Amino acid sequence: MGGHYQDEQWALATLSFRDEHAMGPPRAPRLQEGDISSDIAVHERLMGPDQSVSAIQYAVPYNDADRTANLSETDKNPLLRPPSVAETSSAEEYDNGWSSRATASGRSFRMWNPIWLQTGVLAGFAIIFTLSFLATILLYHFSEEHHGLSVESASREYAWRYGPTAFLTVILSLWNQVDFATRTLTPWKGLRDGPSAAERTLLLDYVSPLMLTVLWKSMKTRHWAVLTSIFGILLIQLATIFSGGLFTLEPTVINKGGAQLTVKSIFDGNDFTLNSTHSNIGAFPTLMYYGTRIQGLAPPAGLDVGLGLAVPDFELREDTNTSGGTNYTATVPGAQVQFECDYIPGLNGTKTSLPWFSILASFWTVNITTPTCNLTNVIVAEGPDHNFRHQENATHAYEGYFGDFICDSNIDYSLPRTTSSNPKLGYLPNPSNGTADHRVVMSLAELRFLPQSSEGESGYIYLNNLTVAVCKPSYALGNYAVTYLNGLDGSTKSMTQNLVSNITAEIPGFAPANLGTAVQYSLDETYLGTGGQDWVLSKQVVTFFQILSAMNGNVSIGTFMDPQRLIDSGTEAFKGIASQLVHEYMMKPANSSMEGSVLYQENRLWVTKLSVGFVCTCLALLIGLSVLQIFVKPWDVVPSNPNSIGATATVLAASPALHSIVYGLGMAKSRSIRRRISGFGFRSRVITREGKSFTIEPINNDPRTGVGDNDLIEMQQNKWWAPIPVRWWFQIIAILTSLTVIITLEVLQHSSDDNQGFIDIDSNAFAYTHGFATYIPTFIAFCIGSMFASIQMAVCILAPWMALQRGSAPASRSLFLNLTGRLAPHRIFLALQSHNFGVALILFATFVAAWLPIVFSGLYAVSPLFQNQQVTMKQTDVFDANLNNLFYSDGIAGTIAGLITYNNLSYPKWTYEDLAFNTIEMMDTSLSVPLGMQAPLSTQVDATRASLNCTAIPQATMSLNQSKTSYAPDGKVVIELDTELPWMCESKRKNTTTMTWLQTFVLPDDGTPAYFGQGSALSWRENGILGNGAVDTNFNHPMATIYDPEYTNNWVGGYGCPSFSVTLGSGRAVKKDNGTKTKTPSYSFDADIATIVCFQHLQTVQTSVMMSYPSFGIAIDHPPVTNEPTSRYLLTQLAHSSGTTFEFALNTLLLTLTSATANVTVPAPDKNVSPDVNFLDAFVTVLATVNDSMPISSLAGEGNTANLTAATEKLYKIYMAQAISANLRSTDLNTPVSTPNAPAARAEQPPITGRINIPGRLRLKQQSGPKIASQVMLAFMITCAIAGRLMLKGVEEVVPHNPCTFAGTATLLAEGEVCSRKIIPQGAEWKSNTELRSMGVFEGWMFSLGWWESMGVYKYGVDIGWIQKDGK
């Protein structure tokens, strides 16, 4: 290698530079030019004329004799004997004040101070910590005060979960700069405050050791500034660890007062009508109670049928922001039904004849006498009318009566009710008399008689037993604190209540005494059927006792011969019906405002107490440390940034005495260096002679001791200084730790996914457990980050030295290069700019590692455990189509279908839309669900559904004629629609090919267009088809019709015929003549008619169902899904046919739909005409009004038969699902039923399997998103660390001494020209690297680190020159 200077044209002696990996001195090479004398001359020129050649001879000797000779020689050199304090203090002025600005020779010099130690910056940190402390305290306060901070969702967790950690991570990176500046300047502070020992100044290193080592050393040396900055880092890290659990998302119940509510109804009975012949009370209260109590329909809002309480409905205003499951409370008036009953024992009925009720039937009456009420001739039993018996062979019958009576012994209740005052006709007072004392009588009589087919007297009958209860009906108003509870699905609404105070007032227009009569009217208007097994004689079972029977599992009404059971069940039923009545008729719509409170559950962001405690403690201490640092910080201690090699060279050049001490120690052992300088104290001075110089001055503490008095210098070979983080074992630990975490995260993820978490969480300590699930991962992330940060610091320290070791490095990549004390982006940029790519990779890895705590803090979340397991269930009933043909009764299936259609009520249990499900129960009786909770249960079961196969009848087969026999109301004309149908049944009947079918309708006789239509249950008889609307079988009506059971059981005919029809048309009557007194006018008719006749079928279809266990309710948000390819038609055996056609007589459907259409009207074809011109039954009315997209104009007429068929089938399917569920269930699993393979066979009931998610424990789950992010970050760090380490091969063999100490760097610079005045001008120590570069200092030179030869003497250090790899 050769070297030359660009600014001087003279040759240097050749300097031999040993290969960078060789540890010992090389053999002395042959000098290429000059001789020893010329080399000495060169040395004198480089070092200055005042420095003797002998000064460099400390680097020469390698044997004891040479060392001794050289040492004795150096004693003669006064330059190597540093001046004493006495010698220097009087000669030069020392600025003990160390002002940041000094003036010399008219020039201003400023001491260098890092921005991070400026008072304003440290005060800024104190302010930030103070604000953070206050913010945390306030957040916790508001969190506790308002039950959480705000409504949040897991989808926005990045802000509240990672925000505090990210904020403190940034603060930590900034405080690291404070810490680094403090560590690097503390030895200089010792120099400024000196003289101080070398161990506290030149040999002091706070940069390269691990943090705990620095912490211990600073405590021993009482360097409070370093201790403060280290504690600051530890406290910020601790705060960061706990900040990950600062916020937690918890389900929170919120109770907020002052909520604005809208009252939707008020009590008002002023339109209540009740007299002897008429009342505005209809069947709806009774039907709704039956539906809610028996069929599982949800009651209307504001009703508690169990308590008999009706309160106004109210709701939150639309602008109130709440979620599903909201509860809201207000104090409102409420009406609670009262029903006080007494059993009257010992009553015997008196047999009598009441011809105004029945000419041939016998009646039994009783007189009731109580202390408060006397009643005369109350009817309690009735014999067969005209000797008709529904069950001919029966020998006993139970008959129940329910009625409201006025307590007046002068009233004979066996007389008919009339408004006439003629006593012979029987006068009863107006039942609406609210001032009279009313009683309700519930009676049950057992009649005994001979079978009708017996040879004995068929009229023999007697009253065998009688049970009578007398009850006082009433209601009381009060103020109730009512809480409405909205269901989580937003569709259900229940309530709780608590009586606050009583009110003496009454409902306007409705006296408490009227309640019993009103309930009786509603019962009289309700038709539930004939009474089933208890319909024995001509009198059907009254509605009230049918309800009692259904309430108790459809038992015989004879069960209520037990007085207590009658009173208990009767009281429950009365309160339920009466409260429904009050709610329906005595409350009117309103829209008033009131205030109340809101109680709802939502996911709210909470500030956890544990995290607040630790974070606030750390922040409070950090505030004090920031303020303390202002007073103890090292300040005004160096002339320029001391963190580069060049800065050390400039100070060393200005410190000749120190230079002479460290000269020749390039490869000396550490103890030799320590011995050399331990006898001195050191201080820094500003010398103002000939300009201003900053110098480090050695002070001989012992005047008898000098340099020459030290022990011989020991040289070291193959011994290098390397900080722990750059050693292989440390880096392997860091990499393996990261790799272990990656693997552990993956294992935990699989465990978490497979087991819905991996640790149980105590719900009572949710916040603390969740916090630790955040603290521990964050702590691990900090440990990994700290290891990588240590590696980063080490390679940044060695980066300029590695450039020098490679040789021929310009100053920008070596002397001026400073990668320490920089923010991460700037550090990475400088590394790339200086071509330190291995270092850059380490920097990238460390930069990513700094963000690990943020991601790790979100690794784990707490969620409820749903124990997913397979369960086995069994079917507990079958559907038997022979149980009820639906002619006389349908378990109010028609009413429920109408309520579902119009009021959007929820489907009763075991039904959904057109599907009816068999009941099932769990076979595993040990399966339990936490009280009050429902577990999702998914399974596949066979559902049963009905369908229609309809045929349109051409209008051409019909004829319209005026009826000559039917009674026509005033202003109407009756039309006869005669249709001739072919034999359409599945089985043929002998000699039958066509059938005639007659229907009758009514049209206005003035030619006004009108709609007419009806549904019919068809009966295919020998003389034609019977089907002209509903057959009234309700014996409460005077024109009711009764048929023999054998006739109704085979109503359709048994040949597999179409059993249901719908006719809907529009038309008008055209008068042909006005008629005479003896002849009615004649009409022709202009009409457009659609008629369909339909076959009925039943199917089974495999259906996927999501239920709730243990209620087995069908999940509304997960409707059943049918698997259509599995659908199969059921077979049935009829009287004359077998096949897939069922012959349900849907007469009850046509009767009971009237309850749904009581207040519904269909517009006439002419919108300006009253809807009363139409002649439509309830079934067609529902079709025409239930769907706005299918108005009646789209259904009526021959051209709309497809629409009519679709609408009919839709309503039919909903009805049949309810009819099947309510009427066809049999718990006898062995009974033969219809199956897809046989008309009558035992249905297969294989075990039903399903899967259930049982909620229970809270589980700690690992989230896949943060897990993947963590693994990617760790993998990136590992890759960068490995690649960087491979590129930094030999990094541990670069320098023999610690370059983080001034002495360590100075020993490597002292023997070269780097710190000579030839290169460094006086005053350069005051200049920054940028200023030195602009001045040309060090510019144009190439610098190298290694073994150098000069005048046969070998030295190890930094000098100028360039390197050739081959050594030539």
# chains A, B, ... in the order shown; residues from 1 in each chain; ligands from 1
>>> residues_around(residues="A:Asn367", least_positions_apart="4", cutoff="8 Å", atoms="only C-alpha atoms", output="PDB file with N, CA, C and O atoms, in the first residue's frame")
ATOM      1  N   ASN A 374    -127.382 -11.770  46.314  1.00  0.00           N
ATOM      2  CA  ASN A 374    -128.420 -12.778  46.143  1.00  0.00           C
ATOM      3  C   ASN A 374    -128.812 -12.837  44.679  1.00  0.00           C
ATOM      4  O   ASN A 374    -129.106 -11.809  44.051  1.00  0.00           O
ATOM      5  N   LEU A 375    -128.843 -14.044  44.113  1.00  0.00           N
ATOM      6  CA  LEU A 375    -129.188 -14.254  42.721  1.00  0.00           C
ATOM      7  C   LEU A 375    -130.284 -15.290  42.642  1.00  0.00           C
ATOM      8  O   LEU A 375    -130.263 -16.300  43.380  1.00  0.00           O
ATOM      9  N   THR A 376    -131.203 -15.077  41.726  1.00  0.00           N
ATOM     10  CA  THR A 376    -132.377 -15.950  41.619  1.00  0.00           C
ATOM     11  C   THR A 376    -132.393 -16.635  40.258  1.00  0.00           C
ATOM     12  O   THR A 376    -132.239 -15.980  39.219  1.00  0.00           O
ATOM     13  N   ASN A 377    -132.621 -17.952  40.312  1.00  0.00           N
ATOM     14  CA  ASN A 377    -132.832 -18.762  39.109  1.00  0.00           C
ATOM     15  C   ASN A 377    -131.708 -18.602  38.081  1.00  0.00           C
ATOM     16  O   ASN A 377    -131.943 -18.264  36.918  1.00  0.00           O
ATOM     17  N   VAL A 378    -130.536 -18.857  38.532  1.00  0.00           N
ATOM     18  CA  VAL A 378    -129.383 -18.847  37.630  1.00  0.00           C
ATOM     19  C   VAL A 378    -129.302 -20.215  36.974  1.00  0.00           C
ATOM     20  O   VAL A 378    -129.272 -21.261  37.656  1.00  0.00           O
TER      21      VAL A 378
END
>>> residues_around(residues="stretch 1111-1116 of chain A", least_positions_apart="6", cutoff="8 Å", atoms="only C-alpha atoms", output="ChimeraX atom specification")
/A:489,909-910,912,934,1105
>>> residues_around(residues="stretch 1086-1101 of chain A", least_positions_apart="2", cutoff="8 Å", atoms="only C-alpha atoms", output="PyMOL selection string")
chain A and resi 942-955+1057-1070+1084+1103+1122-1124+1126-1130+1140-1144+1196-1201+1204-1205+1236
>>> write_last_selection(atoms="N, CA and C atoms", output="compact mmCIF listing (two decimals), in the first residue's frame")
# COMPACT_ATOMS: atom_id res chain seq x y z
N ASP A 942 -87.37 -33.61 10.14
CA ASP A 942 -88.40 -33.63 9.11
C ASP A 942 -89.54 -32.73 9.53
N ALA A 943 -89.84 -31.75 8.68
CA ALA A 943 -90.98 -30.86 8.93
C ALA A 943 -92.14 -31.29 8.05
N THR A 944 -93.34 -31.01 8.53
CA THR A 944 -94.55 -31.32 7.77
C THR A 944 -95.15 -30.02 7.27
N ARG A 945 -95.57 -30.04 6.03
CA ARG A 945 -96.20 -28.85 5.45
C ARG A 945 -97.31 -29.27 4.51
N ALA A 946 -98.23 -28.37 4.32
CA ALA A 946 -99.36 -28.62 3.43
C ALA A 946 -99.19 -27.83 2.15
N SER A 947 -99.84 -28.31 1.11
CA SER A 947 -99.80 -27.60 -0.17
C SER A 947 -101.11 -27.82 -0.91
N LEU A 948 -101.37 -26.95 -1.82
CA LEU A 948 -102.57 -27.03 -2.65
C LEU A 948 -102.19 -27.30 -4.10
N ASN A 949 -103.03 -28.04 -4.75
CA ASN A 949 -102.93 -28.23 -6.20
C ASN A 949 -104.25 -27.76 -6.79
N CYS A 950 -104.25 -26.57 -7.32
CA CYS A 950 -105.49 -25.89 -7.70
C CYS A 950 -105.71 -25.92 -9.20
N THR A 951 -106.96 -25.98 -9.56
CA THR A 951 -107.38 -25.95 -10.96
C THR A 951 -108.33 -24.78 -11.15
N ALA A 952 -108.11 -24.00 -12.18
CA ALA A 952 -109.00 -22.88 -12.49
C ALA A 952 -110.21 -23.39 -13.26
N ILE A 953 -111.39 -22.95 -12.86
CA ILE A 953 -112.64 -23.35 -13.51
C ILE A 953 -113.01 -22.25 -14.50
N PRO A 954 -113.13 -22.60 -15.77
CA PRO A 954 -113.49 -21.58 -16.77
C PRO A 954 -114.87 -20.98 -16.48
N GLN A 955 -114.99 -19.70 -16.71
CA GLN A 955 -116.27 -19.05 -16.47
C GLN A 955 -117.34 -19.55 -17.45
N CYS A 1057 -111.08 -36.03 -3.59
CA CYS A 1057 -111.62 -34.94 -4.40
C CYS A 1057 -110.99 -33.59 -4.01
N PRO A 1058 -111.11 -32.60 -4.90
CA PRO A 1058 -110.77 -31.24 -4.49
C PRO A 1058 -111.66 -30.85 -3.32
N SER A 1059 -111.07 -30.33 -2.26
CA SER A 1059 -111.81 -30.11 -1.02
C SER A 1059 -111.95 -28.66 -0.65
N PHE A 1060 -111.31 -27.77 -1.38
CA PHE A 1060 -111.37 -26.36 -1.03
C PHE A 1060 -111.48 -25.54 -2.31
N SER A 1061 -112.28 -24.51 -2.23
CA SER A 1061 -112.48 -23.66 -3.41
C SER A 1061 -112.50 -22.20 -2.98
N VAL A 1062 -112.15 -21.35 -3.93
CA VAL A 1062 -112.23 -19.91 -3.74
C VAL A 1062 -112.83 -19.31 -5.00
N THR A 1063 -113.83 -18.48 -4.80
CA THR A 1063 -114.45 -17.76 -5.91
C THR A 1063 -114.34 -16.28 -5.62
N LEU A 1064 -113.89 -15.52 -6.59
CA LEU A 1064 -113.76 -14.07 -6.42
C LEU A 1064 -114.03 -13.40 -7.75
N GLY A 1065 -115.01 -12.53 -7.74
CA GLY A 1065 -115.36 -11.83 -8.98
C GLY A 1065 -115.82 -10.43 -8.71
N SER A 1066 -116.04 -9.73 -9.76
CA SER A 1066 -116.62 -8.39 -9.69
C SER A 1066 -117.76 -8.31 -10.70
N GLY A 1067 -118.77 -7.57 -10.36
CA GLY A 1067 -119.90 -7.48 -11.29
C GLY A 1067 -120.94 -6.51 -10.79
N ARG A 1068 -122.03 -6.45 -11.56
CA ARG A 1068 -123.15 -5.59 -11.19
C ARG A 1068 -124.45 -6.23 -11.68
N ALA A 1069 -125.51 -5.86 -11.01
CA ALA A 1069 -126.84 -6.35 -11.38
C ALA A 1069 -127.48 -5.36 -12.36
N VAL A 1070 -128.04 -5.90 -13.43
CA VAL A 1070 -128.71 -5.08 -14.45
C VAL A 1070 -130.20 -5.38 -14.38
N SER A 1084 -130.48 -9.24 -14.72
CA SER A 1084 -129.38 -9.99 -15.35
C SER A 1084 -128.08 -9.49 -14.72
N THR A 1103 -85.38 -30.48 7.02
CA THR A 1103 -85.20 -29.05 7.26
C THR A 1103 -84.07 -28.82 8.26
N THR A 1122 -85.26 -25.47 4.14
CA THR A 1122 -85.70 -26.79 3.68
C THR A 1122 -84.76 -27.31 2.60
N ASN A 1123 -84.60 -28.62 2.62
CA ASN A 1123 -83.83 -29.32 1.59
C ASN A 1123 -84.84 -29.91 0.61
N GLU A 1124 -85.18 -29.14 -0.42
CA GLU A 1124 -86.28 -29.49 -1.30
C GLU A 1124 -86.15 -30.87 -1.96
N THR A 1126 -85.46 -33.49 -0.72
CA THR A 1126 -85.88 -34.54 0.21
C THR A 1126 -87.38 -34.54 0.46
N SER A 1127 -88.13 -33.63 -0.15
CA SER A 1127 -89.57 -33.55 0.11
C SER A 1127 -90.28 -34.77 -0.46
N ARG A 1128 -91.23 -35.28 0.30
CA ARG A 1128 -92.00 -36.45 -0.13
C ARG A 1128 -93.46 -36.26 0.30
N TYR A 1129 -94.37 -36.67 -0.57
CA TYR A 1129 -95.78 -36.58 -0.25
C TYR A 1129 -96.18 -37.70 0.69
N LEU A 1130 -97.06 -37.37 1.64
CA LEU A 1130 -97.61 -38.38 2.53
C LEU A 1130 -98.81 -39.05 1.88
N THR A 1140 -102.35 -39.43 -2.30
CA THR A 1140 -101.70 -38.28 -1.67
C THR A 1140 -102.67 -37.14 -1.38
N THR A 1141 -103.95 -37.32 -1.69
CA THR A 1141 -104.92 -36.26 -1.47
C THR A 1141 -105.57 -36.41 -0.10
N PHE A 1142 -105.47 -35.34 0.69
CA PHE A 1142 -106.13 -35.28 2.00
C PHE A 1142 -107.40 -34.45 1.86
N GLU A 1143 -108.38 -34.80 2.68
CA GLU A 1143 -109.68 -34.13 2.57
C GLU A 1143 -110.04 -33.44 3.89
N PHE A 1144 -109.22 -32.42 4.25
CA PHE A 1144 -109.56 -31.62 5.42
C PHE A 1144 -110.72 -30.70 5.07
N ALA A 1196 -109.37 -10.60 -8.57
CA ALA A 1196 -110.72 -10.90 -9.04
C ALA A 1196 -110.75 -11.04 -10.55
N GLY A 1197 -111.58 -11.93 -11.04
CA GLY A 1197 -111.77 -12.09 -12.47
C GLY A 1197 -111.00 -13.26 -13.03
N GLU A 1198 -111.54 -13.76 -14.13
CA GLU A 1198 -110.98 -14.97 -14.72
C GLU A 1198 -109.54 -14.78 -15.16
N GLY A 1199 -109.15 -13.60 -15.52
CA GLY A 1199 -107.77 -13.37 -15.95
C GLY A 1199 -106.77 -13.36 -14.83
N ASN A 1200 -107.24 -13.38 -13.58
CA ASN A 1200 -106.32 -13.31 -12.44
C ASN A 1200 -106.31 -14.59 -11.61
N THR A 1201 -106.68 -15.71 -12.24
CA THR A 1201 -106.72 -16.96 -11.47
C THR A 1201 -105.33 -17.37 -10.97
N LEU A 1204 -104.79 -15.35 -7.87
CA LEU A 1204 -105.68 -15.84 -6.83
C LEU A 1204 -105.17 -17.17 -6.25
N THR A 1205 -104.66 -18.02 -7.12
CA THR A 1205 -104.12 -19.30 -6.65
C THR A 1205 -102.92 -19.09 -5.75
N PRO A 1236 -94.74 -41.41 3.92
CA PRO A 1236 -94.51 -41.40 2.46
C PRO A 1236 -94.62 -42.77 1.82
>>> select_by_dssp(residues="stretch 896-999 of chain A", states="alpha helix (DSSP H)", output="PyMOL selection string")
chain A and resi 896-903
>>> residues_around(residues="stretch 869-874 of chain A", least_positions_apart="3", cutoff="6 Å", atoms="only C-alpha atoms", output="number ranges by chain")
A: 920-923, 1247-1252
>>> closest_atom_pairs(of="stretch 316-382 of chain A", to="stretch 461-475 of chain A", cutoff="8 Å", atoms="only C-alpha atoms", output="tab-separated table")
residue	atom	partner	partner_atom	distance
A:Ala335	CA	A:Tyr475	CA	6.2
A:Gln336	CA	A:Tyr475	CA	5.3
A:Val337	CA	A:Tyr475	CA	4.3
A:Gln338	CA	A:Ser474	CA	5.1
A:Phe339	CA	A:Pro473	CA	4.7
A:Glu340	CA	A:Cys471	CA	5.2
A:Cys341	CA	A:Cys471	CA	3.9
A:Asp342	CA	A:Val470	CA	5.4
A:Tyr343	CA	A:Ala469	CA	4.4
A:Ile344	CA	A:Val468	CA	5.7
A:Pro345	CA	A:Val468	CA	7.3
A:Leu347	CA	A:Leu466	CA	7.0
A:Asn348	CA	A:Leu466	CA	7.0
A:Gly349	CA	A:Leu463	CA	7.0
A:Trp364	CA	A:Leu463	CA	7.8
A:Ala381	CA	A:Leu463	CA	8.0
>>> residues_around(residues="stretch 196-207 of chain A", least_positions_apart="5", cutoff="7 Å", atoms="only C-alpha atoms", output="JSON, numbers by chain")
{"A": [183, 184, 187, 188, 190, 191, 214, 677, 678, 680, 681, 682, 683, 1300, 1301, 1302, 1303]}
>>> residues_around(residues="A:Ala893", least_positions_apart="5", cutoff="8 Å", atoms="only C-alpha atoms", output="ChimeraX atom specification")
/A:1149,1215-1216,1218-1219,1222
>>> residues_around(residues="A:Val541", least_positions_apart="2", cutoff="9 Å", atoms="only C-alpha atoms", output="PyMOL selection string")
chain A and resi 398-401+529-532+534-536+539+543-546+557
>>> atom_distance(atom1="atom CA of A:Phe1338", atom2="atom CA of A:Gly646")
8.3 Å
>>> atom_distance(atom1="atom CA of A:Thr370", atom2="atom CA of A:Gly558")
25.2 Å
>>> closest_residue(among="A:Val1180, A:Met667, A:Ala1145, A:Ala225", to="A:Tyr1011", atoms="only C-alpha atoms")
A:Val1180
>>> closest_residue(among="A:Thr248, A:Leu1183, A:Val226, A:Val795", to="A:Arg161", atoms="only C-alpha atoms")
A:Thr248
>>> closest_residue(among="A:Ala126, A:Leu937, A:Ala897, A:Val1186", to="A:Ala1217", atoms="only C-alpha atoms")
A:Ala897
>>> atom_distance(atom1="atom CA of A:Val686", atom2="atom CA of A:Leu122")
27.6 Å
>>> closest_residue(among="A:Leu610, A:Ala809, A:Leu599, A:Ile1319", to="A:Gly245", atoms="only C-alpha atoms")
A:Leu610
>>> closest_residue(among="A:Val651, A:Ala513, A:Ala1135, A:Leu139", to="A:Trp606", atoms="only C-alpha atoms")
A:Leu139
>>> closest_residue(among="A:Trp356, A:Trp1348, A:Phe405, A:Phe388", to="A:Gln452", atoms="only C-alpha atoms")
A:Phe388
